[in-house]
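Q: Sharing input00.cif here; it has mmCIF, N, CA and C atoms.
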data_structure
#
loop_
_atom_site.label_atom_id
_atom_site.label_comp_id
_atom_site.auth_asym_id
_atom_site.auth_seq_id
_atom_site.Cartn_x
_atom_site.Cartn_y
_atom_site.Cartn_z
N MET O 1 73.62 105.53 88.83
CA MET O 1 74.11 106.83 88.40
C MET O 1 74.78 107.57 89.56
N GLY O 2 74.27 107.40 90.76
CA GLY O 2 74.87 108.05 91.91
C GLY O 2 76.27 107.55 92.22
N TRP O 3 76.56 106.30 91.82
CA TRP O 3 77.88 105.73 92.06
C TRP O 3 78.94 106.42 91.22
N TYR O 4 78.55 106.99 90.09
CA TYR O 4 79.52 107.73 89.28
C TYR O 4 80.04 108.95 90.03
N TRP O 5 79.18 109.60 90.79
CA TRP O 5 79.61 110.76 91.57
C TRP O 5 80.52 110.35 92.71
N VAL O 6 80.27 109.18 93.29
CA VAL O 6 81.17 108.65 94.31
C VAL O 6 82.55 108.36 93.71
N GLY O 7 82.56 107.75 92.53
CA GLY O 7 83.81 107.49 91.83
C GLY O 7 84.53 108.78 91.47
N PHE O 8 83.77 109.80 91.09
CA PHE O 8 84.36 111.11 90.79
C PHE O 8 85.03 111.70 92.03
N ALA O 9 84.37 111.60 93.16
CA ALA O 9 84.95 112.12 94.41
C ALA O 9 86.21 111.36 94.80
N ILE O 10 86.21 110.05 94.60
CA ILE O 10 87.40 109.26 94.90
C ILE O 10 88.56 109.66 93.98
N GLY O 11 88.26 109.90 92.71
CA GLY O 11 89.29 110.36 91.77
C GLY O 11 89.87 111.70 92.16
N ILE O 12 89.01 112.61 92.59
CA ILE O 12 89.48 113.92 93.05
C ILE O 12 90.36 113.76 94.30
N TYR O 13 89.96 112.87 95.20
CA TYR O 13 90.75 112.63 96.41
C TYR O 13 92.12 112.05 96.07
N MET O 14 92.15 111.13 95.12
CA MET O 14 93.43 110.56 94.70
C MET O 14 94.31 111.63 94.06
N THR O 15 93.72 112.50 93.26
CA THR O 15 94.47 113.58 92.62
C THR O 15 95.03 114.54 93.66
N TRP O 16 94.20 114.92 94.61
CA TRP O 16 94.63 115.83 95.67
C TRP O 16 95.75 115.21 96.50
N GLY O 17 95.59 113.95 96.87
CA GLY O 17 96.61 113.27 97.67
C GLY O 17 97.93 113.15 96.93
N GLY O 18 97.87 112.84 95.64
CA GLY O 18 99.10 112.73 94.86
C GLY O 18 99.79 114.06 94.66
N ALA O 19 99.01 115.12 94.50
CA ALA O 19 99.58 116.45 94.27
C ALA O 19 100.22 117.01 95.54
N THR O 20 99.60 116.76 96.69
CA THR O 20 100.10 117.32 97.94
C THR O 20 100.98 116.36 98.73
N LYS O 21 101.11 115.11 98.23
CA LYS O 21 101.84 114.06 98.94
C LYS O 21 101.34 113.95 100.38
N SER O 22 100.04 113.79 100.48
CA SER O 22 99.34 113.77 101.74
C SER O 22 99.75 112.57 102.60
N SER O 23 99.56 112.73 103.90
CA SER O 23 99.80 111.62 104.83
C SER O 23 98.51 111.25 105.56
N ALA O 24 97.36 111.67 105.06
CA ALA O 24 96.08 111.30 105.65
C ALA O 24 95.89 109.79 105.54
N LYS O 25 95.20 109.19 106.50
CA LYS O 25 95.09 107.73 106.56
C LYS O 25 94.52 107.08 105.30
N PRO O 26 93.39 107.52 104.74
CA PRO O 26 92.91 106.82 103.53
C PRO O 26 93.90 106.89 102.38
N TYR O 27 94.52 108.04 102.19
CA TYR O 27 95.51 108.17 101.13
C TYR O 27 96.77 107.38 101.47
N PHE O 28 97.12 107.31 102.74
CA PHE O 28 98.28 106.54 103.17
C PHE O 28 98.16 105.09 102.73
N PHE O 29 96.97 104.51 102.88
CA PHE O 29 96.77 103.11 102.48
C PHE O 29 96.84 102.95 100.96
N LEU O 30 96.28 103.89 100.21
CA LEU O 30 96.40 103.85 98.75
C LEU O 30 97.87 103.94 98.33
N HIS O 31 98.59 104.84 98.96
CA HIS O 31 100.00 105.04 98.63
C HIS O 31 100.82 103.82 99.00
N ALA O 32 100.51 103.19 100.11
CA ALA O 32 101.27 102.00 100.52
C ALA O 32 101.15 100.89 99.48
N LYS O 33 99.96 100.70 98.95
CA LYS O 33 99.77 99.67 97.93
C LYS O 33 100.44 100.07 96.62
N ALA O 34 100.32 101.32 96.22
CA ALA O 34 100.92 101.78 94.96
C ALA O 34 102.45 101.77 95.03
N SER O 35 102.99 102.03 96.20
CA SER O 35 104.45 102.11 96.31
C SER O 35 105.11 100.73 96.22
N LEU O 36 104.34 99.66 96.39
CA LEU O 36 104.91 98.33 96.20
C LEU O 36 105.37 98.13 94.76
N LEU O 37 104.62 98.68 93.83
CA LEU O 37 104.96 98.53 92.42
C LEU O 37 105.70 99.74 91.87
N TRP O 38 105.28 100.94 92.26
CA TRP O 38 105.78 102.16 91.64
C TRP O 38 106.91 102.83 92.41
N LYS O 39 107.24 102.32 93.59
CA LYS O 39 108.33 102.83 94.44
C LYS O 39 108.23 104.34 94.65
N LYS O 40 109.22 105.12 94.23
CA LYS O 40 109.21 106.56 94.49
C LYS O 40 108.26 107.33 93.57
N TYR O 41 107.71 106.67 92.56
CA TYR O 41 106.78 107.33 91.64
C TYR O 41 105.32 107.08 92.01
N ALA O 42 105.06 106.58 93.20
CA ALA O 42 103.69 106.25 93.60
C ALA O 42 102.81 107.49 93.67
N HIS O 43 103.34 108.61 94.14
CA HIS O 43 102.53 109.83 94.19
C HIS O 43 102.14 110.29 92.78
N ALA O 44 103.08 110.25 91.86
CA ALA O 44 102.78 110.64 90.48
C ALA O 44 101.77 109.69 89.86
N PHE O 45 101.91 108.40 90.12
CA PHE O 45 100.95 107.43 89.60
C PHE O 45 99.56 107.70 90.14
N LEU O 46 99.44 107.96 91.43
CA LEU O 46 98.12 108.22 92.01
C LEU O 46 97.54 109.54 91.50
N LEU O 47 98.38 110.53 91.26
CA LEU O 47 97.91 111.80 90.70
C LEU O 47 97.34 111.58 89.30
N ILE O 48 98.07 110.89 88.45
CA ILE O 48 97.63 110.68 87.07
C ILE O 48 96.42 109.75 87.02
N SER O 49 96.44 108.68 87.80
CA SER O 49 95.30 107.77 87.78
C SER O 49 94.07 108.42 88.42
N GLY O 50 94.26 109.29 89.39
CA GLY O 50 93.14 110.03 89.97
C GLY O 50 92.50 110.96 88.97
N LEU O 51 93.33 111.61 88.15
CA LEU O 51 92.78 112.45 87.07
C LEU O 51 91.97 111.63 86.08
N ALA O 52 92.50 110.47 85.72
CA ALA O 52 91.81 109.60 84.77
C ALA O 52 90.48 109.10 85.34
N VAL O 53 90.50 108.66 86.59
CA VAL O 53 89.28 108.16 87.23
C VAL O 53 88.23 109.27 87.32
N SER O 54 88.63 110.44 87.75
CA SER O 54 87.66 111.53 87.90
C SER O 54 87.10 111.97 86.55
N GLN O 55 87.91 112.00 85.51
CA GLN O 55 87.40 112.40 84.19
C GLN O 55 86.43 111.38 83.64
N VAL O 56 86.74 110.10 83.75
CA VAL O 56 85.85 109.06 83.23
C VAL O 56 84.54 109.06 84.01
N MET O 57 84.62 109.16 85.33
CA MET O 57 83.40 109.15 86.14
C MET O 57 82.54 110.38 85.89
N LEU O 58 83.16 111.52 85.65
CA LEU O 58 82.39 112.74 85.36
C LEU O 58 81.66 112.58 84.02
N VAL O 59 82.35 112.06 83.02
CA VAL O 59 81.70 111.85 81.71
C VAL O 59 80.55 110.86 81.84
N LEU O 60 80.74 109.79 82.58
CA LEU O 60 79.68 108.81 82.75
C LEU O 60 78.49 109.37 83.53
N ALA O 61 78.78 110.21 84.54
CA ALA O 61 77.70 110.79 85.34
C ALA O 61 76.89 111.78 84.51
N LEU O 62 77.55 112.55 83.68
CA LEU O 62 76.83 113.56 82.90
C LEU O 62 76.13 112.96 81.70
N ALA O 63 76.63 111.84 81.18
CA ALA O 63 76.02 111.20 80.01
C ALA O 63 74.83 110.34 80.39
N GLY O 64 74.84 109.84 81.63
CA GLY O 64 73.80 108.88 82.04
C GLY O 64 72.56 109.54 82.44
#
I need this file expressed as structure tokens, please.

A:
Amino acid sequence: MGWYWVGFAIGIYMTWGGATKSSAKPYFFLHAKASLLWKKYAHAFLLISGLAVSQVMLVLALAG
């Protein structure tokens, strides 16, 4: 159950990084991998997928 909160935090971090187009090292590595497939839309992809991850993890954490 505690892992759901870790997943929620990672989702929030992905959302924050995508929204601010961060250059912090952990986000930089996520963006580097996403940009191989998504090119200039990598920030938008990470923002949307971060929202999805955080919502699913929050629901799982509160339901469990």

Q: Going by the chain IDs and residue numbers used in this file, which residues fall under the PyMOL selection byres ((chain O and resi 18-24) around 8)? Write them as a list of chain:residue names.

A: O:Ile12, O:Tyr13, O:Met14, O:Thr15, O:Trp16, O:Gly17, O:Lys25, O:Pro26, O:Tyr27, O:Phe28, O:Phe29, O:Leu30, O:Ala42, O:His43, O:Ala44, O:Phe45, O:Leu46, O:Leu47, O:Ile48, O:Gly50

Q: Separation of atom C of O:Gly64 and atom CA of O:Ala9, in Å?

A: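 Calculated distance between atom C of O:Gly64 and atom CA of O:Ala9 is 17.4 Å.
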
Q: So how many Å separate atom C of O:Tyr41 and atom C of O:Val59, to one decimal?

A: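 Interatomic distance here is 27.0 Å.
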
Q: Could you write out as a CSV table (one decimal) with N, CA and C atoms, keeping the file's coordinate frame the residues that the PyMOL selection byres ((chain O and resi 1-3) around 8) matches in the shown file?

A:
chain,number,residue,atom,x,y,z
O,4,TYR,N,78.6,107.0,90.1
O,4,TYR,CA,79.5,107.7,89.3
O,4,TYR,C,80.0,109.0,90.0
O,5,TRP,N,79.2,109.6,90.8
O,5,TRP,CA,79.6,110.8,91.6
O,5,TRP,C,80.5,110.4,92.7
O,6,VAL,N,80.3,109.2,93.3
O,6,VAL,CA,81.2,108.6,94.3
O,6,VAL,C,82.6,108.4,93.7
O,7,GLY,N,82.6,107.8,92.5
O,7,GLY,CA,83.8,107.5,91.8
O,7,GLY,C,84.5,108.8,91.5
O,8,PHE,N,83.8,109.8,91.1
O,8,PHE,CA,84.4,111.1,90.8
O,8,PHE,C,85.0,111.7,92.0
O,9,ALA,N,84.4,111.6,93.2
O,9,ALA,CA,85.0,112.1,94.4
O,9,ALA,C,86.2,111.4,94.8
O,57,MET,N,84.6,109.2,85.3
O,57,MET,CA,83.4,109.2,86.1
O,57,MET,C,82.5,110.4,85.9
O,60,LEU,N,80.7,109.8,82.6
O,60,LEU,CA,79.7,108.8,82.8
O,60,LEU,C,78.5,109.4,83.5
O,61,ALA,N,78.8,110.2,84.5
O,61,ALA,CA,77.7,110.8,85.3
O,61,ALA,C,76.9,111.8,84.5
O,64,GLY,N,74.8,109.8,81.6
O,64,GLY,CA,73.8,108.9,82.0
O,64,GLY,C,72.6,109.5,82.4

Q: Take atom C of O:Ala34 and atom N of O:Gln55 and report the distance between them in Å, one decimal.

A: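 These two atoms are separated by 20.2 Å.
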
Q: For O:Gly11, please output as number ranges by chain all residues within 7 Å (counting all atoms listed in the file; exclusion window: fewer than 6 positions along the same chain).

A: O: 49-55

Q: Quick one: what's the axis-aligned box for stretch 9-25 of chain O, all listed atoms, 6 Å on every side, centre and edges in Å to one decimal, as lines of an AutoDock Vina configuration file?

A:
center_x = 93.1
center_y = 112.2
center_z = 99.2
size_x = 29.5
size_y = 22.2
size_z = 26.8
